[in-house]
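Remarks on the structure that follows.
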Amino acid sequence: MSDNSQDFIIAVMAKDRPGIIAAITQTVFELGGNVTELSQTVMGGYFTLILRATLPAERKESVIKQHLEEDWPDLALAACVRRYSPERLFEPELDTAAYFLTIQGEDRPGLIALITRYLAERQINIEDLYTRTEGDAITLILQIHPQNRQSAEHLRADLQNFGERQGIAIHLLHRDILRATSEVGAIRRMVRQGGCLS
Amino acid sequence: MMRIEDILMTLRMFQDENCDVRTVTLGINLMDCADSDLATTCRKLQEKIRRLAGDLVQEGTLVAEEYGIPIVNFRLAITPVAWWAADYGVDGLVRVARALDQVAQEVGVDFVGGFSARVEKGATRADNALIAAIPEALASTERVCGSVNVASTRAGINMDALLAVSRSILDLARRTADTDGFGCAKLVVFANMPDDNPFMAGAVHGGGEPECVINVGVSGPGVVKRAVERLRAGSPDLNLGDLAEEIKCTAYRVTRIGELIGTALAQRLRVPFGIVDLSLAPTPRIGDSVGEILQMMGIGRVGAAGSTAALALLTDAVKKGGAFASSSVGGLSGAFIPVSEDAVLAEAAARGDLPVDKLEAMTSICSVGLDMVCIPGDTSAETLAGVMADECAIGVMNHKTTACRLIPVPGKGPGERAVFGGLFGEAPVQPVRSGGEDFIRFGGRIPAPIHGLRN
């Protein structure tokens, strides 16, 4: 891309069907852009996608949105477009490890809000979240990244009390434990790269 | 995001299935502590252990908390005492044991292994003194563990040493009669002793090891049992190959956790990481039993026909999973069958399904030997030596480690029970057959087998 280009973040939602990603990436291409990152998921028959693309800097967000929503009327896409800004509002310290927080218990309204508020108050960022309900039971798995080692330690110390107060089973798993049991890469390299214990 | 099933499976290993790091064992070379003056030696060994192991428990606890993995025991393994405490005689060696006991308590480890000698080809003056010192040393200390290697595939079986060790075991049992001879639980007699085994009571910091090293022993009978249970519940038309594959994959995961914890702790302590020993080491807790795995594999009565084959499958699958998981697998790595420490095995022994003969057969393919087996207190030294010689022969002829941790229970005979409590559990006193004493009394050395000449 030329120097006169700009990264955009584009989010799109639609009822799921074949051809959505093909349509979106076609539009980005026709607008002179190149997709550099993309992630999608489908839930309850609804498709959602977020992508990062480099486009000519003069492109307006409203024009990109308009093309996405109007070029493919059959798909009924709902788009949201922002110019990419490199400034980060949350940056965990380098020596802080990532964790998986698992919550299992009886489902009830407000549970996810309660847990995520609890994490937000402790400066713990949620990088990924998955929920599964089976009957009355709910399982939440959150990939989290505390801002610093202190907030990780506080979280660990407080988790059991929090779980007992709320009547849920809550556990913290270090990401490296899961990598160790699920991947085939060398452990020594994993520990060296992690740097969380240095 | 990782696969949800992987995350939940890993969580279950710790939450429900008793997966843990059974021991972190810091190996320390004490050769440079030897001095012509006994008091100086004791001071030097204590100073060195304090210096190298002083932070072991604290740092290990931090790593355990960081990863959320329980580390059950912290232990030390030292250079076999007979190698560096040559001239102190029996009384001096007992003082060395007490010095070790004291410093072990100070640094917060529950056991220190290495009150040991290697005598498979012949015994030095120091070796003989150490064997003679074993009863007093282990009876008068709490945390010191001993071991004697009496046989190897390269050297054969030193029957003189074996008989001397048998006499020491009987003496040690008498000195600890008030605890059903529990002192003998701290002594292992080996064939082909490993130099890097982190598990007690046979841990030593052997030849060729660095100055200081972290070895890790992981365990997970409960994890393996539940894996087999789930597999059987979800797949009606399984065969033994499927079971082996599932056990292998489970062993892989458990081993990886051990290596991760060991590597991270070694990095923190700035010492090399040595090996991870994946051995299915049971405890008397329900759901932490090798016997339960065999039951889950279809051996309804442990000791029944098929038990040895099932144990062979289990041990081999564990080794294969461990070997793929890590290039640092060592120690014993297989399945332990310590009778008193495994509730299902102890029950089978009490029912008569698991006599010493059957246990001996099973030890020919598992990773250790006759472990925590209680025998009558009036067993003669020759008969005891004969039982251990049989076990050594299995190891020597098959290029494998075998070990005996036999407990002659003073004042008790077949049908009675020995109770040790805690993780050491309880077990019935089992009869052993006498009648081979003359063979033992020949003495000398059973030569190395022809296949010991491998060069």
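Each chain in the structure tokens gets a letter, A, B, ..., in the order shown, and its residues are numbered from 1; ligands are numbered from 1 in order too.
Secondary structure from DSSP on the backbone puts strand (DSSP E) at the following positions of segment 64-121 of chain A: A:Ala78, A:Ala79, A:Cys80, A:Val81, A:Arg82, A:Arg83, A:Tyr99, A:Phe100, A:Leu101, A:Thr102, A:Ile103, A:Gln104, A:Gly105, A:Glu106.
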Would you export the selected residues with N, CA and C atoms as a compact mmCIF listing (two decimals), in the first residue's frame, please?
```txt
# COMPACT_ATOMS: atom_id res chain seq x y z
N ALA A 78 -24.99 -5.25 8.63
CA ALA A 78 -24.94 -4.05 9.48
C ALA A 78 -23.48 -3.81 9.82
N ALA A 79 -22.95 -2.66 9.40
CA ALA A 79 -21.51 -2.44 9.54
C ALA A 79 -21.20 -1.27 10.47
N CYS A 80 -20.03 -1.34 11.05
CA CYS A 80 -19.53 -0.25 11.88
C CYS A 80 -18.07 -0.06 11.51
N VAL A 81 -17.66 1.15 11.18
CA VAL A 81 -16.31 1.39 10.66
C VAL A 81 -15.64 2.48 11.49
N ARG A 82 -14.36 2.24 11.87
CA ARG A 82 -13.58 3.24 12.61
C ARG A 82 -12.17 3.32 12.01
N ARG A 83 -11.62 4.53 12.02
CA ARG A 83 -10.20 4.64 11.67
C ARG A 83 -9.37 4.03 12.80
N TYR A 99 -4.40 -15.60 31.82
CA TYR A 99 -5.06 -16.71 32.51
C TYR A 99 -6.37 -17.04 31.83
N PHE A 100 -6.86 -18.23 32.15
CA PHE A 100 -8.23 -18.58 31.82
C PHE A 100 -9.00 -18.65 33.13
N LEU A 101 -10.09 -17.92 33.17
CA LEU A 101 -10.95 -17.95 34.35
C LEU A 101 -12.18 -18.78 33.98
N THR A 102 -12.41 -19.82 34.74
CA THR A 102 -13.57 -20.66 34.43
C THR A 102 -14.60 -20.50 35.55
N ILE A 103 -15.83 -20.36 35.16
CA ILE A 103 -16.92 -20.21 36.12
C ILE A 103 -18.00 -21.23 35.78
N GLN A 104 -18.38 -21.99 36.78
CA GLN A 104 -19.43 -22.98 36.57
C GLN A 104 -20.45 -22.85 37.69
N GLY A 105 -21.71 -22.86 37.34
CA GLY A 105 -22.73 -22.74 38.37
C GLY A 105 -24.11 -22.67 37.76
N GLU A 106 -25.06 -22.31 38.60
CA GLU A 106 -26.43 -22.21 38.11
C GLU A 106 -26.61 -20.87 37.42
```
Using only C-alpha atoms, find which residues of chain B lie within 7 Å of chain A and jot them down as an MDAnalysis selection string.
-> chainID B and resid 1 6:7 10 67:68 253 256:257 259:260 263:264 268
Could you please write out, as a VMD selection string, every residue of segment 89-191 of chain A that DSSP assigns to helix (DSSP H, G or I)?
chain A and resid 111 to 121 149 to 166 175 to 182 187 to 191
Report task. Find the residues around Pro282 of chain B up to 9 Å (only C-alpha atoms counted), leave out those fewer than 6 positions away in its own chain, and share them as a ChimeraX atom specification. Result -> /B:219-222,288-291,335-338,341-343,423
Q. Could you pull the residues within 8 Å of Phe199 of chain B, counting only C-alpha atoms, minus those fewer than 4 positions along the same chain, as a PyMOL selection string?
A. chain B and resi 23+25+203+217
* To do: Would you mind reading off the distance between atom CA of Gln160 of chain A and atom CA of Glu59 of chain B, one decimal, in Å?
  =>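 For atom CA of Gln160 of chain A relative to atom CA of Glu59 of chain B, the distance reads 22.6 Å.
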A straight line from atom CA of Gly287 of chain B to atom CA of Cys145 of chain B spans 27.5 Å
Legend entry - Polymer residues at most 9 Å from segment 352-365 of chain B, only C-alpha atoms, same-chain spacing of 2 or more positions, as a ChimeraX atom specification: /B:301-304,307-309,311-312,315-316,336-337,345-350,367-370,373,390-391,394-395,398,400,402-403,430-432
